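Q: Sharing entry.pdb below, PDB, N, CA and C atoms:
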ATOM      1  N   MET J   7       0.853  -1.171   0.000
ATOM      2  CA  MET J   7       0.000   0.000   0.000
ATOM      3  C   MET J   7       0.896   1.230   0.000
ATOM      4  N   ASN J   8       0.568   2.195  -0.848
ATOM      5  CA  ASN J   8       1.426   3.371  -0.927
ATOM      6  C   ASN J   8       1.149   4.344   0.216
ATOM      7  N   ILE J   9       2.080   5.225   0.443
ATOM      8  CA  ILE J   9       2.026   6.148   1.576
ATOM      9  C   ILE J   9       0.824   7.086   1.501
ATOM     10  N   PHE J  10       0.418   7.487   0.311
ATOM     11  CA  PHE J  10      -0.715   8.408   0.183
ATOM     12  C   PHE J  10      -2.021   7.740   0.596
ATOM     13  N   LYS J  11      -2.170   6.476   0.268
ATOM     14  CA  LYS J  11      -3.362   5.729   0.681
ATOM     15  C   LYS J  11      -3.369   5.553   2.197
ATOM     16  N   LYS J  12      -2.210   5.283   2.764
ATOM     17  CA  LYS J  12      -2.112   5.146   4.221
ATOM     18  C   LYS J  12      -2.503   6.450   4.919
ATOM     19  N   ILE J  13      -2.010   7.558   4.407
ATOM     20  CA  ILE J  13      -2.327   8.865   4.989
ATOM     21  C   ILE J  13      -3.823   9.152   4.875
ATOM     22  N   THR J  14      -4.401   8.846   3.733
ATOM     23  CA  THR J  14      -5.836   9.045   3.534
ATOM     24  C   THR J  14      -6.642   8.194   4.504
ATOM     25  N   ASN J  15      -6.293   6.924   4.627
ATOM     26  CA  ASN J  15      -7.001   6.036   5.552
ATOM     27  C   ASN J  15      -6.873   6.518   6.995
ATOM     28  N   PHE J  16      -5.677   6.938   7.389
ATOM     29  CA  PHE J  16      -5.472   7.414   8.751
ATOM     30  C   PHE J  16      -6.277   8.683   9.010
ATOM     31  N   THR J  17      -6.293   9.593   8.058
ATOM     32  CA  THR J  17      -7.036  10.846   8.221
ATOM     33  C   THR J  17      -8.519  10.581   8.395
ATOM     34  N   LYS J  18      -9.070   9.685   7.598
ATOM     35  CA  LYS J  18     -10.490   9.322   7.738
ATOM     36  C   LYS J  18     -10.757   8.698   9.098
ATOM     37  N   ALA J  19      -9.890   7.790   9.521
ATOM     38  CA  ALA J  19     -10.059   7.122  10.812
ATOM     39  C   ALA J  19      -9.967   8.127  11.956
ATOM     40  N   LEU J  20      -9.010   9.024  11.882
ATOM     41  CA  LEU J  20      -8.834  10.028  12.929
ATOM     42  C   LEU J  20     -10.046  10.952  13.004
ATOM     43  N   PHE J  21     -10.606  11.324  11.865
ATOM     44  CA  PHE J  21     -11.790  12.176  11.849
ATOM     45  C   PHE J  21     -12.965  11.473  12.539
ATOM     46  N   LYS J  22     -13.194  10.199  12.204
ATOM     47  CA  LYS J  22     -14.282   9.440  12.846
ATOM     48  C   LYS J  22     -14.056   9.334  14.348
ATOM     49  N   TYR J  23     -12.831   9.039  14.731
ATOM     50  CA  TYR J  23     -12.468   8.884  16.132
ATOM     51  C   TYR J  23     -12.699  10.188  16.906
ATOM     52  N   SER J  24     -12.264  11.296  16.339
ATOM     53  CA  SER J  24     -12.449  12.582  17.013
ATOM     54  C   SER J  24     -13.923  12.985  17.050
ATOM     55  N   ALA J  25     -14.671  12.726  15.989
ATOM     56  CA  ALA J  25     -16.093  13.059  15.953
ATOM     57  C   ALA J  25     -16.882  12.266  17.000
ATOM     58  N   ALA J  26     -16.389  11.094  17.345
ATOM     59  CA  ALA J  26     -17.046  10.252  18.345
ATOM     60  C   ALA J  26     -16.545  10.545  19.756
ATOM     61  N   GLY J  27     -15.738  11.567  19.914
ATOM     62  CA  GLY J  27     -15.257  11.943  21.241
ATOM     63  C   GLY J  27     -14.069  11.137  21.727
ATOM     64  N   PHE J  28     -13.299  10.606  20.798
ATOM     65  CA  PHE J  28     -12.091   9.840  21.125
ATOM     66  C   PHE J  28     -12.405   8.650  22.038
ATOM     67  N   THR J  29     -13.448   7.930  21.708
ATOM     68  CA  THR J  29     -13.845   6.780  22.528
ATOM     69  C   THR J  29     -13.045   5.543  22.156
ATOM     70  N   ASP J  30     -12.618   4.848  23.184
ATOM     71  CA  ASP J  30     -11.832   3.625  23.020
ATOM     72  C   ASP J  30     -12.651   2.412  23.442
ATOM     73  N   VAL J  31     -12.239   1.264  22.963
ATOM     74  CA  VAL J  31     -12.829   0.007  23.432
ATOM     75  C   VAL J  31     -12.246  -0.293  24.813
ATOM     76  N   ASP J  32     -12.870  -1.224  25.526
ATOM     77  CA  ASP J  32     -12.304  -1.609  26.819
ATOM     78  C   ASP J  32     -11.123  -2.557  26.590
ATOM     79  N   VAL J  33     -10.402  -2.831  27.652
ATOM     80  CA  VAL J  33      -9.182  -3.636  27.569
ATOM     81  C   VAL J  33      -9.474  -5.028  27.012
ATOM     82  N   GLU J  34     -10.578  -5.621  27.426
ATOM     83  CA  GLU J  34     -10.936  -6.961  26.944
ATOM     84  C   GLU J  34     -11.153  -6.966  25.428
ATOM     85  N   GLU J  35     -11.873  -5.968  24.933
ATOM     86  CA  GLU J  35     -12.111  -5.868  23.485
ATOM     87  C   GLU J  35     -10.794  -5.630  22.742
ATOM     88  N   TYR J  36      -9.957  -4.767  23.280
ATOM     89  CA  TYR J  36      -8.657  -4.491  22.676
ATOM     90  C   TYR J  36      -7.830  -5.775  22.563
ATOM     91  N   ARG J  37      -7.770  -6.522  23.644
ATOM     92  CA  ARG J  37      -6.992  -7.769  23.628
ATOM     93  C   ARG J  37      -7.550  -8.761  22.612
ATOM     94  N   GLY J  38      -8.883  -8.817  22.495
ATOM     95  CA  GLY J  38      -9.498  -9.694  21.506
ATOM     96  C   GLY J  38      -9.136  -9.280  20.089
ATOM     97  N   ARG J  39      -9.171  -7.986  19.836
ATOM     98  CA  ARG J  39      -8.787  -7.478  18.508
ATOM     99  C   ARG J  39      -7.327  -7.793  18.207
ATOM    100  N   MET J  40      -6.468  -7.556  19.194
ATOM    101  CA  MET J  40      -5.049  -7.813  18.989
ATOM    102  C   MET J  40      -4.768  -9.297  18.772
ATOM    103  N   LYS J  41      -5.482 -10.151  19.469
ATOM    104  CA  LYS J  41      -5.300 -11.593  19.282
ATOM    105  C   LYS J  41      -5.625 -11.976  17.837
ATOM    106  N   ILE J  42      -6.705 -11.428  17.319
ATOM    107  CA  ILE J  42      -7.091 -11.693  15.929
ATOM    108  C   ILE J  42      -6.017 -11.168  14.979
ATOM    109  N   CYS J  43      -5.594  -9.936  15.194
ATOM    110  CA  CYS J  43      -4.601  -9.328  14.301
ATOM    111  C   CYS J  43      -3.242 -10.015  14.376
ATOM    112  N   ASN J  44      -2.864 -10.429  15.563
ATOM    113  CA  ASN J  44      -1.557 -11.076  15.709
ATOM    114  C   ASN J  44      -1.482 -12.415  14.986
ATOM    115  N   SER J  45      -2.630 -13.031  14.730
ATOM    116  CA  SER J  45      -2.627 -14.303  14.003
ATOM    117  C   SER J  45      -3.003 -14.130  12.524
ATOM    118  N   CYS J  46      -3.178 -12.898  12.100
ATOM    119  CA  CYS J  46      -3.613 -12.615  10.717
ATOM    120  C   CYS J  46      -2.415 -12.560   9.765
ATOM    121  N   ASP J  47      -2.592 -13.118   8.573
ATOM    122  CA  ASP J  47      -1.509 -13.102   7.582
ATOM    123  C   ASP J  47      -1.305 -11.717   6.963
ATOM    124  N   LEU J  48      -2.218 -10.778   7.208
ATOM    125  CA  LEU J  48      -2.071  -9.416   6.698
ATOM    126  C   LEU J  48      -1.292  -8.519   7.654
ATOM    127  N   ASN J  49      -0.947  -9.031   8.826
ATOM    128  CA  ASN J  49      -0.158  -8.296   9.806
ATOM    129  C   ASN J  49       1.315  -8.421   9.427
ATOM    130  N   LYS J  50       1.871  -7.314   9.029
ATOM    131  CA  LYS J  50       3.284  -7.274   8.653
ATOM    132  C   LYS J  50       4.016  -6.311   9.575
ATOM    133  N   ASN J  51       4.686  -6.882  10.566
ATOM    134  CA  ASN J  51       5.455  -6.086  11.531
ATOM    135  C   ASN J  51       4.606  -5.039  12.247
ATOM    136  N   GLY J  52       3.367  -5.406  12.591
ATOM    137  CA  GLY J  52       2.487  -4.511  13.335
ATOM    138  C   GLY J  52       1.661  -3.571  12.495
ATOM    139  N   ASN J  53       1.780  -3.680  11.182
ATOM    140  CA  ASN J  53       0.982  -2.870  10.265
ATOM    141  C   ASN J  53       0.072  -3.776   9.450
ATOM    142  N   CYS J  54      -1.149  -3.316   9.225
ATOM    143  CA  CYS J  54      -2.114  -4.095   8.452
ATOM    144  C   CYS J  54      -1.938  -3.808   6.969
ATOM    145  N   GLU J  55      -1.707  -4.832   6.185
ATOM    146  CA  GLU J  55      -1.552  -4.646   4.740
ATOM    147  C   GLU J  55      -2.873  -4.317   4.049
ATOM    148  N   ALA J  56      -3.998  -4.619   4.676
ATOM    149  CA  ALA J  56      -5.292  -4.337   4.062
ATOM    150  C   ALA J  56      -5.635  -2.850   4.113
ATOM    151  N   CYS J  57      -5.305  -2.186   5.226
ATOM    152  CA  CYS J  57      -5.677  -0.773   5.370
ATOM    153  C   CYS J  57      -4.479   0.137   5.620
ATOM    154  N   GLY J  58      -3.335  -0.440   5.973
ATOM    155  CA  GLY J  58      -2.135   0.348   6.207
ATOM    156  C   GLY J  58      -1.998   0.889   7.616
ATOM    157  N   CYS J  59      -2.891   0.502   8.508
ATOM    158  CA  CYS J  59      -2.877   1.061   9.860
ATOM    159  C   CYS J  59      -1.777   0.453  10.729
ATOM    160  N   ILE J  60      -1.483   1.169  11.811
ATOM    161  CA  ILE J  60      -0.650   0.637  12.886
ATOM    162  C   ILE J  60      -1.634  -0.078  13.801
ATOM    163  N   ILE J  61      -1.577  -1.370  13.810
ATOM    164  CA  ILE J  61      -2.601  -2.194  14.445
ATOM    165  C   ILE J  61      -2.776  -1.877  15.926
ATOM    166  N   ARG J  62      -1.696  -1.724  16.654
ATOM    167  CA  ARG J  62      -1.819  -1.517  18.096
ATOM    168  C   ARG J  62      -2.527  -0.203  18.424
ATOM    169  N   LYS J  63      -2.558   0.743  17.513
ATOM    170  CA  LYS J  63      -3.305   2.003  17.702
ATOM    171  C   LYS J  63      -4.760   1.826  17.279
ATOM    172  N   LYS J  64      -4.967   1.334  16.077
ATOM    173  CA  LYS J  64      -6.314   1.203  15.542
ATOM    174  C   LYS J  64      -7.184   0.285  16.394
ATOM    175  N   ALA J  65      -6.599  -0.725  16.987
ATOM    176  CA  ALA J  65      -7.364  -1.680  17.788
ATOM    177  C   ALA J  65      -8.021  -1.028  19.007
ATOM    178  N   TRP J  66      -7.499   0.102  19.471
ATOM    179  CA  TRP J  66      -8.092   0.812  20.609
ATOM    180  C   TRP J  66      -9.320   1.621  20.220
ATOM    181  N   TRP J  67      -9.371   2.096  18.994
ATOM    182  CA  TRP J  67     -10.396   3.056  18.598
ATOM    183  C   TRP J  67     -11.736   2.378  18.363
ATOM    184  N   LYS J  68     -12.727   2.757  19.139
ATOM    185  CA  LYS J  68     -14.050   2.145  19.064
ATOM    186  C   LYS J  68     -14.695   2.357  17.694
ATOM    187  N   THR J  69     -14.353   3.413  17.023
ATOM    188  CA  THR J  69     -14.952   3.741  15.730
ATOM    189  C   THR J  69     -14.399   2.914  14.578
ATOM    190  N   GLU J  70     -13.344   2.167  14.822
ATOM    191  CA  GLU J  70     -12.700   1.419  13.747
ATOM    192  C   GLU J  70     -13.123  -0.043  13.725
ATOM    193  N   ASP J  71     -12.971  -0.627  12.555
ATOM    194  CA  ASP J  71     -13.226  -2.049  12.400
ATOM    195  C   ASP J  71     -12.183  -2.643  11.472
ATOM    196  N   CYS J  72     -12.164  -3.939  11.395
ATOM    197  CA  CYS J  72     -11.220  -4.640  10.537
ATOM    198  C   CYS J  72     -11.701  -4.550   9.083
ATOM    199  N   PRO J  73     -10.834  -4.182   8.156
ATOM    200  CA  PRO J  73     -11.246  -4.092   6.762
ATOM    201  C   PRO J  73     -11.621  -5.449   6.152
ATOM    202  N   LYS J  74     -11.241  -6.518   6.829
ATOM    203  CA  LYS J  74     -11.582  -7.875   6.366
ATOM    204  C   LYS J  74     -12.668  -8.508   7.234
ATOM    205  N   ASP J  75     -13.335  -7.675   8.058
ATOM    206  CA  ASP J  75     -14.439  -8.112   8.927
ATOM    207  C   ASP J  75     -14.071  -9.242   9.880
ATOM    208  N   LYS J  76     -12.870  -9.199  10.418
ATOM    209  CA  LYS J  76     -12.430 -10.229  11.339
ATOM    210  C   LYS J  76     -12.733  -9.878  12.797
ATOM    211  N   TRP J  77     -12.928  -8.602  13.101
ATOM    212  CA  TRP J  77     -13.261  -8.198  14.461
ATOM    213  C   TRP J  77     -14.760  -8.312  14.663
ATOM    214  N   PRO J  78     -15.182  -8.736  15.858
ATOM    215  CA  PRO J  78     -16.634  -8.741  16.156
ATOM    216  C   PRO J  78     -17.171  -7.304  16.104
ATOM    217  N   LYS J  79     -18.397  -7.167  15.660
ATOM    218  CA  LYS J  79     -19.026  -5.835  15.577
ATOM    219  C   LYS J  79     -19.474  -5.394  16.960
ATOM    220  N   LEU J  80     -19.193  -4.147  17.289
ATOM    221  CA  LEU J  80     -19.605  -3.585  18.567
ATOM    222  C   LEU J  80     -20.978  -2.925  18.428
ATOM    223  N   PRO J  81     -21.741  -2.919  19.514
ATOM    224  CA  PRO J  81     -23.055  -2.240  19.456
ATOM    225  C   PRO J  81     -22.915  -0.734  19.344
TER     226      PRO J  81
END
Take the structure in the file and give it back as structure tokens.
A:
Amino acid sequence: MNIFKKITNFTKALFKYSAAGFTDVDVEEYRGRMKICNSCDLNKNGNCEACGCIIRKKAWWKTEDCPKDKWPKLP
């Protein structure tokens, strides 16, 4: 994924996160997301090849989801 696409994806994610009041998932949800990502073949050194995110950051943000629908949907 090229750097411009990564920047675009991050900017969109940051806008959603800020619009929602910077809400995070709880620790249990975060650990579940990380467990899924750590076993995913798209995880390359902590970055997701599908969206270009830094996984350990994106996994905290309640407004985000997995681009491959691997994370459970939150209410």
Q: Apply DSSP to the backbone of this structure and, from chain J, keep only the residues in alpha helix (DSSP H); write these as a PDB file with N, CA and C atoms, in the frame of the given file.
A:
ATOM      1  N   ILE J   9       2.080   5.225   0.443  1.00  0.00           N
ATOM      2  CA  ILE J   9       2.026   6.148   1.576  1.00  0.00           C
ATOM      3  C   ILE J   9       0.824   7.086   1.501  1.00  0.00           C
ATOM      4  N   PHE J  10       0.418   7.487   0.311  1.00  0.00           N
ATOM      5  CA  PHE J  10      -0.715   8.408   0.183  1.00  0.00           C
ATOM      6  C   PHE J  10      -2.021   7.740   0.596  1.00  0.00           C
ATOM      7  N   LYS J  11      -2.170   6.476   0.268  1.00  0.00           N
ATOM      8  CA  LYS J  11      -3.362   5.729   0.681  1.00  0.00           C
ATOM      9  C   LYS J  11      -3.369   5.553   2.197  1.00  0.00           C
ATOM     10  N   LYS J  12      -2.210   5.283   2.764  1.00  0.00           N
ATOM     11  CA  LYS J  12      -2.112   5.146   4.221  1.00  0.00           C
ATOM     12  C   LYS J  12      -2.503   6.450   4.919  1.00  0.00           C
ATOM     13  N   ILE J  13      -2.010   7.558   4.407  1.00  0.00           N
ATOM     14  CA  ILE J  13      -2.327   8.865   4.989  1.00  0.00           C
ATOM     15  C   ILE J  13      -3.823   9.152   4.875  1.00  0.00           C
ATOM     16  N   THR J  14      -4.401   8.846   3.733  1.00  0.00           N
ATOM     17  CA  THR J  14      -5.836   9.045   3.534  1.00  0.00           C
ATOM     18  C   THR J  14      -6.642   8.194   4.504  1.00  0.00           C
ATOM     19  N   ASN J  15      -6.293   6.924   4.627  1.00  0.00           N
ATOM     20  CA  ASN J  15      -7.001   6.036   5.552  1.00  0.00           C
ATOM     21  C   ASN J  15      -6.873   6.518   6.995  1.00  0.00           C
ATOM     22  N   PHE J  16      -5.677   6.938   7.389  1.00  0.00           N
ATOM     23  CA  PHE J  16      -5.472   7.414   8.751  1.00  0.00           C
ATOM     24  C   PHE J  16      -6.277   8.683   9.010  1.00  0.00           C
ATOM     25  N   THR J  17      -6.293   9.593   8.058  1.00  0.00           N
ATOM     26  CA  THR J  17      -7.036  10.846   8.221  1.00  0.00           C
ATOM     27  C   THR J  17      -8.519  10.581   8.395  1.00  0.00           C
ATOM     28  N   LYS J  18      -9.070   9.685   7.598  1.00  0.00           N
ATOM     29  CA  LYS J  18     -10.490   9.322   7.738  1.00  0.00           C
ATOM     30  C   LYS J  18     -10.757   8.698   9.098  1.00  0.00           C
ATOM     31  N   ALA J  19      -9.890   7.790   9.521  1.00  0.00           N
ATOM     32  CA  ALA J  19     -10.059   7.122  10.812  1.00  0.00           C
ATOM     33  C   ALA J  19      -9.967   8.127  11.956  1.00  0.00           C
ATOM     34  N   LEU J  20      -9.010   9.024  11.882  1.00  0.00           N
ATOM     35  CA  LEU J  20      -8.834  10.028  12.929  1.00  0.00           C
ATOM     36  C   LEU J  20     -10.046  10.952  13.004  1.00  0.00           C
ATOM     37  N   PHE J  21     -10.606  11.324  11.865  1.00  0.00           N
ATOM     38  CA  PHE J  21     -11.790  12.176  11.849  1.00  0.00           C
ATOM     39  C   PHE J  21     -12.965  11.473  12.539  1.00  0.00           C
ATOM     40  N   LYS J  22     -13.194  10.199  12.204  1.00  0.00           N
ATOM     41  CA  LYS J  22     -14.282   9.440  12.846  1.00  0.00           C
ATOM     42  C   LYS J  22     -14.056   9.334  14.348  1.00  0.00           C
ATOM     43  N   TYR J  23     -12.831   9.039  14.731  1.00  0.00           N
ATOM     44  CA  TYR J  23     -12.468   8.884  16.132  1.00  0.00           C
ATOM     45  C   TYR J  23     -12.699  10.188  16.906  1.00  0.00           C
ATOM     46  N   SER J  24     -12.264  11.296  16.339  1.00  0.00           N
ATOM     47  CA  SER J  24     -12.449  12.582  17.013  1.00  0.00           C
ATOM     48  C   SER J  24     -13.923  12.985  17.050  1.00  0.00           C
ATOM     49  N   ALA J  25     -14.671  12.726  15.989  1.00  0.00           N
ATOM     50  CA  ALA J  25     -16.093  13.059  15.953  1.00  0.00           C
ATOM     51  C   ALA J  25     -16.882  12.266  17.000  1.00  0.00           C
ATOM     52  N   VAL J  33     -10.402  -2.831  27.652  1.00  0.00           N
ATOM     53  CA  VAL J  33      -9.182  -3.636  27.569  1.00  0.00           C
ATOM     54  C   VAL J  33      -9.474  -5.028  27.012  1.00  0.00           C
ATOM     55  N   GLU J  34     -10.578  -5.621  27.426  1.00  0.00           N
ATOM     56  CA  GLU J  34     -10.936  -6.961  26.944  1.00  0.00           C
ATOM     57  C   GLU J  34     -11.153  -6.966  25.428  1.00  0.00           C
ATOM     58  N   GLU J  35     -11.873  -5.968  24.933  1.00  0.00           N
ATOM     59  CA  GLU J  35     -12.111  -5.868  23.485  1.00  0.00           C
ATOM     60  C   GLU J  35     -10.794  -5.630  22.742  1.00  0.00           C
ATOM     61  N   TYR J  36      -9.957  -4.767  23.280  1.00  0.00           N
ATOM     62  CA  TYR J  36      -8.657  -4.491  22.676  1.00  0.00           C
ATOM     63  C   TYR J  36      -7.830  -5.775  22.563  1.00  0.00           C
ATOM     64  N   ARG J  37      -7.770  -6.522  23.644  1.00  0.00           N
ATOM     65  CA  ARG J  37      -6.992  -7.769  23.628  1.00  0.00           C
ATOM     66  C   ARG J  37      -7.550  -8.761  22.612  1.00  0.00           C
ATOM     67  N   GLY J  38      -8.883  -8.817  22.495  1.00  0.00           N
ATOM     68  CA  GLY J  38      -9.498  -9.694  21.506  1.00  0.00           C
ATOM     69  C   GLY J  38      -9.136  -9.280  20.089  1.00  0.00           C
ATOM     70  N   ARG J  39      -9.171  -7.986  19.836  1.00  0.00           N
ATOM     71  CA  ARG J  39      -8.787  -7.478  18.508  1.00  0.00           C
ATOM     72  C   ARG J  39      -7.327  -7.793  18.207  1.00  0.00           C
ATOM     73  N   MET J  40      -6.468  -7.556  19.194  1.00  0.00           N
ATOM     74  CA  MET J  40      -5.049  -7.813  18.989  1.00  0.00           C
ATOM     75  C   MET J  40      -4.768  -9.297  18.772  1.00  0.00           C
ATOM     76  N   LYS J  41      -5.482 -10.151  19.469  1.00  0.00           N
ATOM     77  CA  LYS J  41      -5.300 -11.593  19.282  1.00  0.00           C
ATOM     78  C   LYS J  41      -5.625 -11.976  17.837  1.00  0.00           C
ATOM     79  N   ILE J  42      -6.705 -11.428  17.319  1.00  0.00           N
ATOM     80  CA  ILE J  42      -7.091 -11.693  15.929  1.00  0.00           C
ATOM     81  C   ILE J  42      -6.017 -11.168  14.979  1.00  0.00           C
ATOM     82  N   CYS J  43      -5.594  -9.936  15.194  1.00  0.00           N
ATOM     83  CA  CYS J  43      -4.601  -9.328  14.301  1.00  0.00           C
ATOM     84  C   CYS J  43      -3.242 -10.015  14.376  1.00  0.00           C
ATOM     85  N   ASN J  44      -2.864 -10.429  15.563  1.00  0.00           N
ATOM     86  CA  ASN J  44      -1.557 -11.076  15.709  1.00  0.00           C
ATOM     87  C   ASN J  44      -1.482 -12.415  14.986  1.00  0.00           C
ATOM     88  N   ILE J  61      -1.577  -1.370  13.810  1.00  0.00           N
ATOM     89  CA  ILE J  61      -2.601  -2.194  14.445  1.00  0.00           C
ATOM     90  C   ILE J  61      -2.776  -1.877  15.926  1.00  0.00           C
ATOM     91  N   ARG J  62      -1.696  -1.724  16.654  1.00  0.00           N
ATOM     92  CA  ARG J  62      -1.819  -1.517  18.096  1.00  0.00           C
ATOM     93  C   ARG J  62      -2.527  -0.203  18.424  1.00  0.00           C
ATOM     94  N   LYS J  63      -2.558   0.743  17.513  1.00  0.00           N
ATOM     95  CA  LYS J  63      -3.305   2.003  17.702  1.00  0.00           C
ATOM     96  C   LYS J  63      -4.760   1.826  17.279  1.00  0.00           C
ATOM     97  N   LYS J  64      -4.967   1.334  16.077  1.00  0.00           N
ATOM     98  CA  LYS J  64      -6.314   1.203  15.542  1.00  0.00           C
ATOM     99  C   LYS J  64      -7.184   0.285  16.394  1.00  0.00           C
TER     100      LYS J  64
END
Q: Check the smallest atom-to-atom distance from each of J:Cys46, J:Cys54, J:Met40, J:Ala19 to Thr69 of chain J using only N, CA and C atoms, then report the winner.
A: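 Answer, going by the shortest atom-to-atom distance: J:Ala19.
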Q: What's the 8 Å shell around segment 30-37 of chain J, counting all atoms listed in the file, without same-chain residues fewer than 4 positions away, as a list in words?
A: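 Everything that qualifies: Ala26, Lys41, Ile42, Cys43, Ala65, Trp66, Trp67, Lys68 and Thr69 of chain J.
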Q: Would you mind reading off the distance between atom CA of Phe10 of chain J and atom CA of Ser45 of chain J, one decimal, in Å?
A: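 Separation between atom CA of Phe10 of chain J and atom CA of Ser45 of chain J: 26.7 Å.
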Q: Excluding same-chain residues fewer than 3 positions from segment 12-14 of chain J, what lies within 7 Å of it counting all atoms listed in the file, as a list in words?
A: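 Residues meeting the cut-off are Met7, Asn8, Ile9, Thr17, Lys18, Ala19, Cys57, Gly58 and Cys59 of chain J.
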Q: What does the distance between atom CA of Lys79 of chain J and atom CA of Arg39 of chain J come to in Å, to one decimal place?
A: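 We find that atom CA of Lys79 of chain J and atom CA of Arg39 of chain J lie 10.8 Å from each other.
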Q: Would you mind putting back all heavy atoms on segment 19-26 of chain J, then writing it out as a tab-separated table (two decimals), in the coordinates of the input?
A:
chain	number	residue	atom	x	y	z
J	19	ALA	N	-9.89	7.79	9.52
J	19	ALA	CA	-10.06	7.12	10.81
J	19	ALA	C	-9.97	8.13	11.96
J	19	ALA	O	-10.77	8.08	12.90
J	19	ALA	CB	-9.01	6.02	10.98
J	20	LEU	N	-9.01	9.02	11.88
J	20	LEU	CA	-8.83	10.03	12.93
J	20	LEU	C	-10.05	10.95	13.00
J	20	LEU	O	-10.49	11.31	14.09
J	20	LEU	CB	-7.56	10.82	12.69
J	20	LEU	CG	-7.18	11.85	13.76
J	20	LEU	CD1	-7.03	11.18	15.13
J	20	LEU	CD2	-5.91	12.56	13.37
J	21	PHE	N	-10.61	11.32	11.86
J	21	PHE	CA	-11.79	12.18	11.85
J	21	PHE	C	-12.96	11.47	12.54
J	21	PHE	O	-13.65	12.07	13.37
J	21	PHE	CB	-12.17	12.55	10.42
J	21	PHE	CG	-13.38	13.43	10.35
J	21	PHE	CD1	-13.30	14.78	10.65
J	21	PHE	CD2	-14.61	12.91	10.02
J	21	PHE	CE1	-14.43	15.60	10.62
J	21	PHE	CE2	-15.75	13.70	9.99
J	21	PHE	CZ	-15.65	15.05	10.29
J	22	LYS	N	-13.19	10.20	12.20
J	22	LYS	CA	-14.28	9.44	12.85
J	22	LYS	C	-14.06	9.33	14.35
J	22	LYS	O	-14.98	9.50	15.14
J	22	LYS	CB	-14.40	8.03	12.27
J	22	LYS	CG	-15.02	7.93	10.92
J	22	LYS	CD	-15.36	6.50	10.52
J	22	LYS	CE	-14.25	5.51	10.71
J	22	LYS	NZ	-14.55	4.16	10.23
J	23	TYR	N	-12.83	9.04	14.73
J	23	TYR	CA	-12.47	8.88	16.13
J	23	TYR	C	-12.70	10.19	16.91
J	23	TYR	O	-13.27	10.18	18.00
J	23	TYR	CB	-11.01	8.43	16.20
J	23	TYR	CG	-10.44	8.16	17.56
J	23	TYR	CD1	-11.01	7.24	18.43
J	23	TYR	CD2	-9.26	8.78	17.97
J	23	TYR	CE1	-10.45	6.96	19.68
J	23	TYR	CE2	-8.69	8.51	19.20
J	23	TYR	CZ	-9.29	7.60	20.05
J	23	TYR	OH	-8.72	7.33	21.26
J	24	SER	N	-12.26	11.30	16.34
J	24	SER	CA	-12.45	12.58	17.01
J	24	SER	C	-13.92	12.98	17.05
J	24	SER	O	-14.40	13.49	18.06
J	24	SER	CB	-11.60	13.68	16.35
J	24	SER	OG	-12.05	13.94	15.04
J	25	ALA	N	-14.67	12.73	15.99
J	25	ALA	CA	-16.09	13.06	15.95
J	25	ALA	C	-16.88	12.27	17.00
J	25	ALA	O	-17.91	12.73	17.50
J	25	ALA	CB	-16.66	12.80	14.57
J	26	ALA	N	-16.39	11.09	17.34
J	26	ALA	CA	-17.05	10.25	18.34
J	26	ALA	C	-16.55	10.54	19.76
J	26	ALA	O	-16.88	9.83	20.70
J	26	ALA	CB	-16.83	8.78	18.01
